[in-house]
file run_19.txt (compact mmCIF, C-alpha atoms)
# COMPACT_ATOMS: atom_id res chain seq x y z
CA MET A 1 -2.87 -7.66 7.47
CA LYS A 2 -2.47 -5.86 10.80
CA ASN A 3 0.96 -4.49 9.86
CA HIS A 4 -0.43 -3.23 6.56
CA THR A 5 -3.26 -1.42 8.37
CA LYS A 6 -0.76 0.12 10.77
CA HIS A 7 1.37 1.26 7.83
CA LEU A 8 -1.61 2.99 6.20
CA LEU A 9 -2.57 4.63 9.50
CA ILE A 10 0.93 6.06 9.95
CA SER A 11 0.88 7.40 6.38
CA SER A 12 -2.50 9.07 6.97
CA LEU A 13 -1.30 10.72 10.18
CA PHE A 14 1.79 12.02 8.41
CA LEU A 15 -0.37 13.47 5.64
CA LEU A 16 -2.69 15.13 8.15
CA THR A 17 0.26 16.65 10.03
CA SER A 18 1.64 18.02 6.76
CA VAL A 19 -1.68 19.67 5.93
CA LEU A 20 -1.92 21.30 9.35
CA SER A 21 1.66 22.59 9.20
CA ALA A 22 0.97 24.12 5.79
CA CYS A 23 -2.02 26.05 7.13
CA GLN A 24 -0.73 27.10 10.52
CA SER A 25 -1.27 30.63 11.76
CA ALA A 26 1.54 33.14 12.17
CA PRO A 27 3.55 32.80 15.40
CA LYS A 28 3.35 35.36 18.19
CA VAL A 29 4.09 38.96 17.19
CA GLU A 30 6.86 40.81 18.98
CA SER A 31 6.79 44.62 18.83
CA GLU A 32 9.02 47.38 20.12
CA GLY A 33 9.37 51.16 19.70
CA ALA A 34 7.49 54.35 20.55
CA TYR A 35 4.57 53.14 18.44
CA ILE A 36 3.19 49.62 18.64
CA LEU A 37 3.27 47.99 15.23
CA GLN A 38 1.43 44.71 14.85
CA ILE A 39 1.39 42.44 11.84
CA THR A 40 -2.21 41.26 12.03
CA GLN A 41 -2.64 39.14 8.90
CA ILE A 42 -0.42 37.64 6.21
CA ASP A 43 -2.17 36.60 3.00
CA THR A 44 -0.24 34.22 0.73
CA THR A 45 -3.22 33.13 -1.38
CA ASP A 46 -1.68 34.62 -4.55
CA PHE A 47 1.89 33.62 -3.68
CA PRO A 48 4.56 34.80 -4.51
CA LEU A 49 2.49 37.96 -4.00
CA VAL A 50 2.20 38.46 -0.23
CA ASN A 51 -0.20 40.88 1.47
CA VAL A 52 0.93 42.06 4.90
CA TYR A 53 -1.64 43.85 7.08
CA VAL A 54 -0.23 46.18 9.72
CA SER A 55 -1.84 47.94 12.66
CA VAL A 56 -0.20 51.00 14.26
CA GLN A 57 -1.16 52.11 17.78
CA ASP A 58 0.19 54.24 20.57
CA ALA A 59 1.07 53.00 24.05
CA LEU A 60 -2.59 53.23 25.13
CA GLY A 61 -3.78 51.08 22.24
CA GLU A 62 -5.26 53.98 20.28
CA PRO A 63 -4.93 53.50 16.49
CA LYS A 64 -2.71 56.02 14.69
CA LEU A 65 -2.54 57.21 11.09
CA ILE A 66 0.99 57.23 9.71
CA ASN A 67 2.92 58.17 6.61
CA THR A 68 3.09 54.80 4.86
CA GLU A 69 6.26 55.89 3.05
CA LYS A 70 8.03 55.59 6.40
CA LEU A 71 7.30 51.87 6.62
CA GLN A 72 10.00 49.40 5.63
CA LEU A 73 9.57 45.67 5.11
CA LEU A 74 12.26 43.04 5.62
CA GLU A 75 12.12 39.33 4.83
CA ASN A 76 14.67 37.12 6.56
CA GLY A 77 16.47 40.29 7.60
CA GLN A 78 16.83 41.60 4.03
CA PRO A 79 15.01 44.83 2.99
CA ILE A 80 12.38 44.36 0.28
CA ASN A 81 13.25 46.81 -2.50
CA ASN A 82 10.74 49.19 -4.02
CA GLN A 83 10.54 47.19 -7.23
CA ASN A 84 9.09 44.23 -5.33
CA ILE A 85 6.53 46.32 -3.40
CA GLN A 86 3.32 46.50 -5.44
CA GLY A 87 1.65 49.05 -3.18
CA THR A 88 0.98 50.29 0.34
CA GLY A 89 -2.33 51.73 1.48
CA ASP A 90 -5.77 51.15 2.98
CA VAL A 91 -6.96 47.60 3.52
CA GLY A 92 -10.26 48.16 1.74
CA VAL A 93 -13.25 45.99 2.63
CA LEU A 94 -13.20 44.55 6.16
CA THR A 95 -15.03 41.32 6.98
CA THR A 96 -15.69 40.69 10.67
CA LEU A 97 -17.21 37.61 12.27
CA LEU A 98 -18.68 38.29 15.71
CA ALA A 99 -18.67 35.17 17.88
CA ILE A 100 -20.94 35.63 20.90
CA ASP A 101 -21.09 33.33 23.91
CA ASN A 102 -24.72 32.44 24.62
CA SER A 103 -24.16 29.78 27.26
CA GLY A 104 -26.19 29.80 30.46
CA SER A 105 -23.46 31.67 32.34
CA MET A 106 -24.07 34.69 30.11
CA ASN A 107 -27.44 35.16 31.80
CA TYR A 108 -25.58 36.14 34.95
CA ALA A 109 -25.58 39.93 35.59
CA ASP A 110 -27.28 40.57 32.21
CA LYS A 111 -24.04 39.86 30.35
CA LEU A 112 -25.82 38.62 27.22
CA THR A 113 -28.08 41.68 27.06
CA THR A 114 -25.03 43.95 27.28
CA ALA A 115 -23.13 41.89 24.69
CA LYS A 116 -26.03 42.19 22.23
CA GLU A 117 -26.28 45.97 22.70
CA VAL A 118 -22.56 46.47 22.14
CA ALA A 119 -22.60 44.20 19.07
CA LYS A 120 -25.27 46.49 17.56
CA GLU A 121 -23.05 49.50 18.28
CA TYR A 122 -20.31 47.78 16.29
CA LEU A 123 -22.70 47.30 13.37
CA ASN A 124 -23.67 50.97 13.38
CA GLN A 125 -20.05 51.95 12.74
CA MET A 126 -19.60 49.72 9.70
CA ARG A 127 -18.22 51.48 6.63
CA GLY A 128 -19.71 51.16 3.19
CA GLY A 129 -18.69 47.77 1.75
CA ASP A 130 -17.76 46.25 5.11
CA GLN A 131 -19.39 42.94 6.03
CA VAL A 132 -20.23 41.14 9.27
CA GLY A 133 -21.36 37.64 10.19
CA ILE A 134 -22.62 36.38 13.56
CA ILE A 135 -22.24 33.01 15.24
CA THR A 136 -23.20 31.95 18.74
CA PHE A 137 -21.87 29.16 20.89
CA ASN A 138 -23.12 27.33 23.92
CA THR A 139 -23.18 23.54 23.91
CA GLN A 140 -23.47 23.85 20.14
CA VAL A 141 -22.13 26.31 17.57
CA LYS A 142 -24.73 28.07 15.44
CA THR A 143 -24.47 30.52 12.55
CA VAL A 144 -27.29 32.97 13.26
CA GLN A 145 -26.42 35.23 10.32
CA GLU A 146 -24.17 34.57 7.34
CA VAL A 147 -21.65 37.25 6.36
CA THR A 148 -23.55 40.23 4.92
CA GLY A 149 -23.53 43.99 4.64
CA ASP A 150 -27.24 44.22 5.52
CA LYS A 151 -27.41 45.83 9.00
CA GLU A 152 -31.12 45.12 9.34
CA LEU A 153 -30.59 41.37 8.97
CA LEU A 154 -27.67 41.48 11.39
CA GLU A 155 -29.61 43.34 14.07
CA LYS A 156 -32.55 40.94 13.73
CA ALA A 157 -30.19 38.01 14.20
CA ILE A 158 -28.72 39.59 17.35
CA ASP A 159 -32.19 40.22 18.81
CA GLY A 160 -33.00 36.51 18.53
CA ILE A 161 -30.03 35.29 20.61
CA THR A 162 -30.89 33.65 23.94
CA ALA A 163 -28.64 32.00 26.53
CA ASN A 164 -28.62 28.43 27.86
CA GLY A 165 -26.40 25.37 28.11
CA ASP A 166 -22.63 25.00 28.43
CA THR A 167 -19.74 26.58 26.50
CA ALA A 168 -17.88 25.31 23.41
CA MET A 169 -15.72 28.32 22.54
CA TYR A 170 -12.87 26.46 20.84
CA ASP A 171 -15.31 24.63 18.55
CA ALA A 172 -16.79 28.04 17.71
CA LEU A 173 -13.34 29.32 16.75
CA VAL A 174 -12.81 26.39 14.38
CA SER A 175 -16.21 27.07 12.78
CA ALA A 176 -15.48 30.80 12.50
CA VAL A 177 -12.13 30.17 10.85
CA GLU A 178 -13.72 27.75 8.37
CA THR A 179 -16.31 30.42 7.51
CA LEU A 180 -13.74 33.15 6.82
CA ASN A 181 -10.98 31.09 5.20
CA PRO A 182 -12.49 31.15 1.66
CA LEU A 183 -13.17 34.91 1.73
CA PRO A 184 -10.70 37.45 0.32
CA GLY A 185 -9.18 40.56 1.93
CA ARG A 186 -8.88 41.61 5.55
CA LYS A 187 -10.72 39.22 7.85
CA ALA A 188 -11.12 39.35 11.61
CA ILE A 189 -12.86 37.33 14.29
CA ILE A 190 -13.93 39.01 17.54
CA VAL A 191 -14.88 36.51 20.25
CA LEU A 192 -16.83 37.63 23.30
CA THR A 193 -17.10 35.16 26.15
CA ASP A 194 -16.84 34.65 29.85
CA GLY A 195 -14.18 32.15 28.84
CA MET A 196 -15.27 29.06 30.75
CA ASP A 197 -15.07 26.46 27.96
CA ASN A 198 -16.28 23.07 29.12
CA GLN A 199 -17.75 21.40 26.02
CA SER A 200 -15.37 21.76 23.06
CA ILE A 201 -13.96 18.84 21.14
CA ALA A 202 -11.27 21.10 19.65
CA ASN A 203 -8.57 22.96 21.57
CA PRO A 204 -7.03 26.43 21.03
CA ASP A 205 -4.04 25.12 19.07
CA GLU A 206 -6.29 23.23 16.65
CA ALA A 207 -8.29 26.40 16.05
CA LEU A 208 -5.11 28.38 15.32
CA ALA A 209 -3.74 25.65 13.08
CA SER A 210 -6.88 25.71 10.91
CA ILE A 211 -6.19 29.24 9.61
CA GLY A 212 -5.60 29.03 5.86
CA PHE A 213 -3.19 30.71 3.44
CA GLY A 214 -5.37 33.83 3.31
CA GLY A 215 -4.80 34.46 6.98
CA LEU A 216 -7.03 36.27 9.47
CA SER A 217 -6.84 37.66 12.99
CA ILE A 218 -8.63 36.64 16.17
CA SER A 219 -9.31 39.13 18.93
CA THR A 220 -10.76 37.96 22.23
CA VAL A 221 -12.89 39.76 24.78
CA GLY A 222 -13.28 38.53 28.33
CA PHE A 223 -16.50 39.77 29.88
CA GLY A 224 -16.78 38.95 33.57
CA GLN A 225 -14.70 39.16 36.71
CA ILE A 226 -11.06 38.13 37.05
CA PRO A 227 -10.49 35.94 40.14
CA GLU A 228 -8.34 37.48 42.86
CA GLY A 229 -5.03 35.77 43.60
CA GLU A 230 -5.24 31.99 43.41
CA GLU A 231 -9.01 31.96 43.69
CA GLU A 232 -10.67 29.61 41.20
CA ALA A 233 -12.73 31.30 38.48
CA ASP A 234 -16.42 31.34 39.29
CA VAL A 235 -18.61 29.47 36.81
CA TYR A 236 -20.91 32.49 36.39
CA SER A 237 -18.53 35.45 36.52
CA GLY A 238 -14.96 34.19 35.98
CA ILE A 239 -12.98 34.26 32.75
CA ASP A 240 -10.11 32.18 31.42
CA GLU A 241 -7.83 35.15 30.77
CA THR A 242 -4.73 33.04 30.10
CA THR A 243 -6.31 31.17 27.19
CA LEU A 244 -8.00 34.25 25.74
CA SER A 245 -4.67 36.11 25.74
CA TYR A 246 -2.88 33.13 24.21
CA ILE A 247 -5.31 32.92 21.31
CA ALA A 248 -5.15 36.65 20.51
CA GLU A 249 -1.36 36.83 20.79
CA ASN A 250 -0.91 33.95 18.36
CA ALA A 251 -3.46 35.10 15.79
CA GLY A 252 -2.54 38.75 15.19
CA GLY A 253 -5.34 40.04 17.39
CA LYS A 254 -5.86 41.83 20.69
CA TYR A 255 -7.12 40.68 24.04
CA GLY A 256 -9.31 42.93 26.16
CA TYR A 257 -11.18 42.61 29.42
CA ALA A 258 -14.39 44.35 30.48
CA GLU A 259 -16.53 44.24 33.62
CA ASN A 260 -19.44 46.43 32.52
CA LYS A 261 -21.15 47.90 29.47
CA THR A 262 -19.10 51.11 29.43
CA GLN A 263 -15.83 49.18 29.34
CA LEU A 264 -17.13 46.67 26.81
CA SER A 265 -18.42 49.39 24.49
CA SER A 266 -15.08 51.23 24.66
CA LEU A 267 -13.16 48.02 23.96
CA TYR A 268 -15.23 47.10 20.89
CA ASP A 269 -14.94 50.65 19.58
CA GLN A 270 -11.17 50.62 19.96
CA MET A 271 -10.90 47.26 18.18
CA ARG A 272 -13.12 48.50 15.35
CA ARG A 273 -11.14 51.71 14.84
CA SER A 274 -7.90 49.78 14.92
CA LEU A 275 -9.13 47.38 12.23
CA GLN A 276 -10.44 50.20 10.04
CA SER A 277 -7.18 52.18 10.24
CA GLU A 278 -4.81 49.39 9.24
CA VAL A 279 -2.56 49.53 6.19
CA VAL A 280 -1.57 46.74 3.82
CA ILE A 281 1.77 46.21 2.10
CA ASN A 282 1.66 44.15 -1.09
CA TYR A 283 5.01 42.72 -2.17
CA VAL A 284 6.46 39.97 -4.32
CA THR A 285 8.74 37.79 -2.26
CA PRO A 286 12.19 37.10 -3.74
CA LEU A 287 11.85 33.57 -2.33
CA ASP A 288 9.11 32.59 -4.74
CA LEU A 289 8.76 28.88 -3.98
CA ARG A 290 6.17 27.30 -1.69
CA ASP A 291 8.88 25.28 -0.01
CA GLY A 292 7.26 24.94 3.41
CA VAL A 293 10.06 26.91 5.07
CA LEU A 294 9.26 29.68 7.58
CA ARG A 295 10.08 33.24 6.48
CA ALA A 296 10.97 35.85 9.09
CA LEU A 297 9.05 39.07 8.47
CA THR A 298 9.80 42.49 9.98
CA VAL A 299 8.00 45.81 9.55
CA THR A 300 9.65 49.00 10.82
CA LEU A 301 8.40 52.57 11.14
CA SER A 302 11.05 55.27 11.21
CA ASP A 303 10.67 59.05 11.09
CA ARG A 304 13.81 60.91 12.15
CA TYR A 305 12.00 64.27 12.11
CA SER A 306 9.24 63.35 14.55
CA GLY A 307 11.30 60.83 16.49
CA ILE A 308 8.60 58.21 16.05
CA GLY A 309 9.68 54.64 15.57
CA GLY A 310 8.45 51.10 15.94
CA GLU A 311 9.12 47.55 14.84
CA SER A 312 7.13 44.35 14.58
CA GLN A 313 8.48 40.87 13.92
CA THR A 314 6.75 37.63 13.07
CA SER A 315 7.08 34.81 10.56
CA PHE A 316 4.94 32.95 8.06
CA ASN A 317 4.91 29.67 6.22
CA PRO A 318 4.22 29.90 2.46
CA GLY A 319 2.92 26.35 2.62
CA GLY A 320 3.80 23.44 0.40
CA LEU A 321 2.30 20.03 1.10
CA VAL A 322 4.52 18.91 -1.76
CA PRO A 323 7.35 21.47 -1.48
CA GLU A 324 8.29 23.26 -4.69
CA VAL A 325 11.90 23.19 -5.88
CA ALA A 326 13.80 25.46 -8.24
CA GLN A 327 14.56 22.72 -10.78
CA PRO A 328 11.79 20.13 -10.89
CA ALA A 329 12.74 16.57 -11.70
CA SER A 330 11.77 15.05 -15.06
CA TRP A 331 8.58 13.07 -15.51
CA LEU A 332 10.70 9.92 -15.90
CA SER A 333 12.30 10.47 -12.51
CA PHE A 334 8.92 11.19 -10.98
CA GLY A 335 7.53 7.98 -12.47
CA LEU A 336 10.41 5.90 -11.12
CA VAL A 337 10.04 7.33 -7.63
CA LEU A 338 6.28 6.73 -7.74
CA ALA A 339 6.82 3.13 -8.85
CA VAL A 340 9.25 2.51 -5.98
CA LEU A 341 6.77 3.95 -3.48
CA ILE A 342 3.99 1.73 -4.82
CA VAL A 343 6.23 -1.34 -4.55
CA LEU A 344 7.18 -0.44 -0.97
CA LEU A 345 3.52 0.00 -0.13
CA PHE A 346 2.77 -3.61 -1.10
CA VAL A 347 5.90 -5.16 0.41
CA PRO A 348 4.20 -5.76 3.81
CA VAL A 349 1.25 -7.44 2.05
CA VAL A 350 3.48 -9.79 0.07
CA PHE A 351 5.59 -10.55 3.13
CA LEU A 352 2.52 -11.47 5.19
CA ALA A 353 1.13 -13.60 2.37
CA ILE A 354 4.37 -15.60 2.17
CA ARG A 355 4.68 -15.97 5.93
CA ASN A 356 1.09 -17.11 6.34
CA ARG A 357 1.24 -19.54 3.47
CA LYS A 358 0.68 -23.06 4.80
CA PRO A 359 2.71 -25.89 3.27
CA LYS A 360 0.64 -28.56 1.52
CA LYS A 361 0.58 -31.99 3.07
CA ARG A 362 2.29 -34.59 0.91
CA LYS A 363 0.32 -37.78 0.26
CA VAL A 364 2.13 -40.95 1.17
CA LYS A 365 1.60 -43.76 -1.29
CA ILE A 366 1.68 -47.23 0.26
CA THR A 367 2.23 -50.24 -1.95
CA LEU A 368 1.36 -53.67 -0.57
CA LYS A 369 3.52 -56.61 -1.61
CA ASP A 370 2.31 -60.16 -1.83
call {"tool": "encode", "arguments": {"input": "run_19.txt", "output": "structure tokens"}}
result
Amino acid sequence: MKNHTKHLLISSLFLLTSVLSACQSAPKVESEGAYILQITQIDTTDFPLVNVYVSVQDALGEPKLINTEKLQLLENGQPINNQNIQGTGDVGVLTTLLAIDNSGSMNYADKLTTAKEVAKEYLNQMRGGDQVGIITFNTQVKTVQEVTGDKELLEKAIDGITANGDTAMYDALVSAVETLNPLPGRKAIIVLTDGMDNQSIANPDEALASIGFGGLSISTVGFGQIPEGEEEADVYSGIDETTLSYIAENAGGKYGYAENKTQLSSLYDQMRRSLQSEVVINYVTPLDLRDGVLRALTVTLSDRYSGIGGESQTSFNPGGLVPEVAQPASWLSFGLVLAVLIVLLFVPVVFLAIRNRKPKKRKVKITLKD
């Protein structure tokens, strides 16, 4: 039965890999032009309707308001015509999950106190209808306040945060993604940490792969001191800037670094204004099958009168654990294929049963003659 167990294990691993590939996050965004366009979230929940969230900033990272009629969308290099675009405009309700490092290293130089004060500043700039949730992470990940629009509850939750233990940032990202995945609309995670993860079971790629069809963005904030040259990051003040940048770049977010409260406050404010000024393009894709094939997506901004331009490229997977096809097979064909698969599944069992079958001993009859 060992071969049969191995066969089932391989099948399970293949199924798990298929699930993860269907829910992977969008690859790294590439942007060029006078303005920085960034595709921050791609929502395929109501596929073939696709919602594309776009952020527009200047070279300094300041969000900019634009004429949305100057935006053009291309899928696999082909312009999406106006008939397929359902609308372009404000993103509406924004849901943010603030993930705050409360490991023991955050006690150093009053980093936790500063982080809590700046988080409250973020809450004070919430718009009507916007929602926020708060999780903390040290050795364990804890939801200190579920997603809500109640600022009083949120501030009370922040006041109760204390620091101790080690850091499990990647596990916190997985938990944050799981929290936001079921929610509709524009969703963003902002992670603040000194970046020294030493307790997580998960890794950054697993966190990114857990993002669902609704999509979301992850922005990361490093709060500490960057080591000079080849110097190893200090356990109390160093940050893992490489990993923080990698996560943000591959999840439609931004990475920022701050050494003090003034810088941290400015960074959070810039991220908030950028999120609140985004636009969303709703369009019906001409490739309307969840076939599991990546689609190249490009957004361009062009205004010949002002000379402003910009372009952002990425790609997305519409999913398809069982890929859809244009002409589905008949139920008879499906039944035959299923029957063959079931037979193949039991072939190893039958083979082992035959091979292990022991031949019966034949009785020898002895007849005595007088």
call {"tool": "closest_residue", "arguments": {"input": "run_19.txt", "among": "A:Leu112, A:Ile190, A:Leu297, A:Ile354", "to": "Arg272 of chain A", "atoms": "all atoms listed in the file"}}
result
A:Ile190
call {"tool": "closest_residue", "arguments": {"input": "run_19.txt", "among": "A:Val132, A:Ala168, A:Val191, A:Ala209", "to": "Val93 of chain A", "atoms": "all atoms listed in the file"}}
result
A:Val132
call {"tool": "atom_distance", "arguments": {"input": "run_19.txt", "atom1": "atom CA of Glu155 of chain A", "atom2": "atom CA of Leu123 of chain A"}}
result
8.0 Å
call {"tool": "closest_residue", "arguments": {"input": "run_19.txt", "among": "A:Thr298, A:Thr114, A:Thr136, A:Gln86", "to": "Glu311 of chain A", "atoms": "all atoms listed in the file"}}
result
A:Thr298
call {"tool": "closest_residue", "arguments": {"input": "run_19.txt", "among": "A:Asp43, A:Pro63, A:Leu74, A:Gly165", "to": "Lys187 of chain A", "atoms": "all atoms listed in the file"}}
result
A:Asp43
call {"tool": "atom_distance", "arguments": {"input": "run_19.txt", "atom1": "atom CA of Thr220 of chain A", "atom2": "atom CA of Leu97 of chain A"}}
result
11.9 Å
call {"tool": "residues_around", "arguments": {"input": "run_19.txt", "residues": "Pro204 of chain A", "least_positions_apart": "3", "cutoff": "8 Å", "atoms": "only C-alpha atoms", "output": "ChimeraX atom specification"}}
result
/A:170,207-208,243,247
call {"tool": "closest_atom_pairs", "arguments": {"input": "run_19.txt", "of": "segment 205-318 of chain A", "to": "segment 175-181 of chain A", "cutoff": "12 Å", "atoms": "only C-alpha atoms", "output": "CSV"}}
result
residue,atom,partner,partner_atom,distance
A:Glu206,CA,A:Val177,CA,10.8
A:Ala207,CA,A:Val177,CA,7.5
A:Leu208,CA,A:Val177,CA,8.5
A:Ala209,CA,A:Val177,CA,9.8
A:Ser210,CA,A:Val177,CA,6.9
A:Ile211,CA,A:Val177,CA,6.1
A:Gly212,CA,A:Asn181,CA,5.8
A:Phe213,CA,A:Asn181,CA,8.0
A:Gly214,CA,A:Asn181,CA,6.5
A:Gly215,CA,A:Asn181,CA,7.3
A:Leu216,CA,A:Asn181,CA,7.8
A:Ser217,CA,A:Val177,CA,9.4
A:Ile218,CA,A:Val177,CA,9.1
A:Ala251,CA,A:Val177,CA,11.1
call {"tool": "residues_near_point", "arguments": {"input": "run_19.txt", "point": "(-4.0, 39.5, 22.0)", "cutoff": "10 Å", "atoms": "only C-alpha atoms", "output": "list in words"}}
result
Lys28, Val29, Ser217, Ile218, Ser219, Thr220, Val221, Leu244, Ser245, Tyr246, Ile247, Ala248, Glu249, Asn250, Ala251, Gly252, Gly253, Lys254, Tyr255 and Gly256 of chain A
call {"tool": "closest_residue", "arguments": {"input": "run_19.txt", "among": "A:Leu275, A:Tyr108, A:Tyr53, A:Val144", "to": "Arg127 of chain A", "atoms": "only C-alpha atoms"}}
result
A:Leu275
call {"tool": "residues_around", "arguments": {"input": "run_19.txt", "residues": "segment 276-291 of chain A", "least_positions_apart": "2", "cutoff": "6 Å", "atoms": "all atoms listed in the file", "output": "list in words"}}
result
Pro48, Leu49, Val50, Asn51, Val52, Tyr53, Val54, Ser55, Asn84, Ile85, Gln86, Gly87, Thr88, Gly89, Asp90, Val91, Arg273, Ser274, Val293, Pro318, Gly319, Gly320, Pro323 and Glu324 of chain A
call {"tool": "atom_distance", "arguments": {"input": "run_19.txt", "atom1": "atom CA of Asp240 of chain A", "atom2": "atom CA of Gly224 of chain A"}}
result
9.7 Å
call {"tool": "closest_residue", "arguments": {"input": "run_19.txt", "among": "A:Thr68, A:Gln145, A:Gln140, A:Asn81", "to": "Ala172 of chain A", "atoms": "all atoms listed in the file"}}
result
A:Gln140
call {"tool": "decode", "arguments": {"input": "run_19.txt", "residues": "segment 45-64 of chain A", "atoms": "C-alpha atoms", "output": "PDB file, in the first residue's frame"}}
result
ATOM      1  CA  THR A  45     -14.347  38.331  -8.215  1.00  0.00           C
ATOM      2  CA  ASP A  46     -17.167  39.047 -10.701  1.00  0.00           C
ATOM      3  CA  PHE A  47     -15.232  37.815 -13.739  1.00  0.00           C
ATOM      4  CA  PRO A  48     -15.479  38.514 -16.686  1.00  0.00           C
ATOM      5  CA  LEU A  49     -16.001  41.936 -15.073  1.00  0.00           C
ATOM      6  CA  VAL A  50     -12.558  43.129 -13.949  1.00  0.00           C
ATOM      7  CA  ASN A  51     -11.928  46.071 -11.610  1.00  0.00           C
ATOM      8  CA  VAL A  52      -8.525  47.702 -12.027  1.00  0.00           C
ATOM      9  CA  TYR A  53      -7.399  50.135  -9.313  1.00  0.00           C
ATOM     10  CA  VAL A  54      -4.831  52.720 -10.375  1.00  0.00           C
ATOM     11  CA  SER A  55      -2.714  55.152  -8.379  1.00  0.00           C
ATOM     12  CA  VAL A  56      -1.188  58.246 -10.029  1.00  0.00           C
ATOM     13  CA  GLN A  57       1.751  60.062  -8.419  1.00  0.00           C
ATOM     14  CA  ASP A  58       4.468  62.490  -9.353  1.00  0.00           C
ATOM     15  CA  ALA A  59       8.193  61.798  -9.151  1.00  0.00           C
ATOM     16  CA  LEU A  60       8.209  62.631  -5.416  1.00  0.00           C
ATOM     17  CA  GLY A  61       5.438  60.149  -4.657  1.00  0.00           C
ATOM     18  CA  GLU A  62       2.763  62.798  -4.171  1.00  0.00           C
ATOM     19  CA  PRO A  63      -0.691  61.620  -5.354  1.00  0.00           C
ATOM     20  CA  LYS A  64      -2.169  63.512  -8.314  1.00  0.00           C
TER      21      LYS A  64
END
